[in-house]
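Student: Sharing a structure here in structure tokens format.
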Amino acid sequence: MRRRILRLAGEWLQTRGYHGFSFGQLAEALEVGSSAIHYHFPAKADLATALFRQYREDLAGWCQQMSASPLEASEQIERFLDLEARHLDDQRVCPLGVAAVEYASLPAGACAEAEGLRDDLLEWLAATLDAGRRAGTLDFPGPARDQARVVMAAAQGGLQLARLHGRGDFAAVRRALLANLAGSSV
């Protein structure tokens, strides 16, 4: 039951936002009593914290897969952008996008997990970018951590633009970002 709750709540968090659903609506959609939701998550704050913790665990697993893969750093960055583009297919906002927009009204535990998610992604991107620069497959100015923030901001911005105007906007941001990381023009 816990997994079913997390799955549906995660979907709704990414499509409706934190304030866009209640325990009662979750219970109705899952065809259970609201006490079943409260059994696993005493308060909505607990549910939100668990969701962002799950997003961190999912990212950690994905990062481990990338680290174990034979893909070059540039290809790993492409896979990250592919991962982000999946949110467009599902018509969802990515977890960091939700956290950024709703940060001021999210419970403290959810904010802490969202900050951890951001930090985890920043670390992976920075390490991957640094490895690519050392291998000569990526070329960018400044520290890798700064460039990792640029990648994160471009992905977030591309997703938001695509929600307004279509996938082409994300594709254009993706092309430009990858070209810039390769040290070439678009």
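Convention: chains lettered A, B, ... in structure tokens order; per-chain residue numbering from 1; ligands numbered from 1 as shown.
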If we count only C-alpha atoms and set the cut-off at 12 Å, which residues sit around A:Ala127, ignoring sequence neighbours fewer than 2 positions away in its own chain? Please answer as a ChimeraX atom specification.

Tutor: /A:63,66-67,73-74,76-77,120-125,129-134,143-148

Student: Would you write out, as CSV, a table of all residues in stretch 68-149 of chain A that have an atom no more than 12 Å from an atom of stretch 18-25 of chain A, listing for each the closest atom pair and the distance in Å to one decimal, considering only C-alpha atoms and ordering rows by chain and rising residue number?

Tutor:
residue,atom,partner,partner_atom,distance
A:Val93,CA,A:Tyr18,CA,11.7
A:Pro95,CA,A:Tyr18,CA,10.9
A:Gly97,CA,A:Tyr18,CA,11.8
A:Val98,CA,A:Tyr18,CA,8.0
A:Ala99,CA,A:Tyr18,CA,9.0
A:Ala100,CA,A:Tyr18,CA,11.6
A:Val101,CA,A:Tyr18,CA,10.0
A:Glu102,CA,A:Tyr18,CA,7.3
A:Tyr103,CA,A:Tyr18,CA,9.8
A:Ala104,CA,A:Tyr18,CA,11.3
A:Ser105,CA,A:Tyr18,CA,8.5
A:Leu106,CA,A:Tyr18,CA,7.4
A:Pro107,CA,A:Tyr18,CA,9.9
A:Ala110,CA,A:Tyr18,CA,10.4
A:Cys111,CA,A:Tyr18,CA,11.9

Student: What does the distance between atom CA of A:Leu47 and atom CA of A:Ile5 come to in Å, to one decimal place?

Tutor: 8.8 Å

Student: If you run DSSP on the backbone here, which positions in stretch 27-171 of chain A get helix (DSSP H, G or I)? Please write them as a ChimeraX atom specification.

Tutor: /A:27-30,34-40,44-68,73-89,95-105,108-135,144-165,167-171

Student: Could you pull the residues within 10 Å of A:Met1, counting only C-alpha atoms, minus those fewer than 2 positions along the same chain, as an NGL selection string?

Tutor: :A and (3-7 or 30 or 32 or 36-37 or 40)

Student: If we count only C-alpha atoms, what is near A:Gln156 at a cut-off of 9 Å, once residues fewer than 3 positions away on the same chain are taken out, given as JSON, numbers by chain?

Tutor: {"A": [84, 94, 96, 97, 151, 152, 153, 159, 160, 161]}

Student: Using only C-alpha atoms, which of the listed residues (A:Arg86, A:Arg79, A:Gly61, A:Ala48) sits closest to A:Leu178?

Tutor: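 Closest to A:Leu178, using only C-alpha atoms: A:Arg79.
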
Student: Please provide as a PDB file with N, CA and C atoms, in the first residue's frame all residues within 6 Å of stretch 52-59 of chain A, with the sequence filter that same-chain residues fewer than 4 positions apart are discarded (counting only C-alpha atoms).

Tutor:
ATOM      1  N   GLU A 113      14.991  17.401   2.074  1.00  0.00           N
ATOM      2  CA  GLU A 113      15.212  16.331   1.094  1.00  0.00           C
ATOM      3  C   GLU A 113      15.371  16.911  -0.311  1.00  0.00           C
ATOM      4  N   ALA A 114      14.603  17.952  -0.631  1.00  0.00           N
ATOM      5  CA  ALA A 114      14.722  18.592  -1.951  1.00  0.00           C
ATOM      6  C   ALA A 114      16.097  19.242  -2.110  1.00  0.00           C
ATOM      7  N   LEU A 117      18.433  16.506  -2.786  1.00  0.00           N
ATOM      8  CA  LEU A 117      18.297  16.073  -4.176  1.00  0.00           C
ATOM      9  C   LEU A 117      19.084  16.997  -5.095  1.00  0.00           C
TER      10      LEU A 117
END
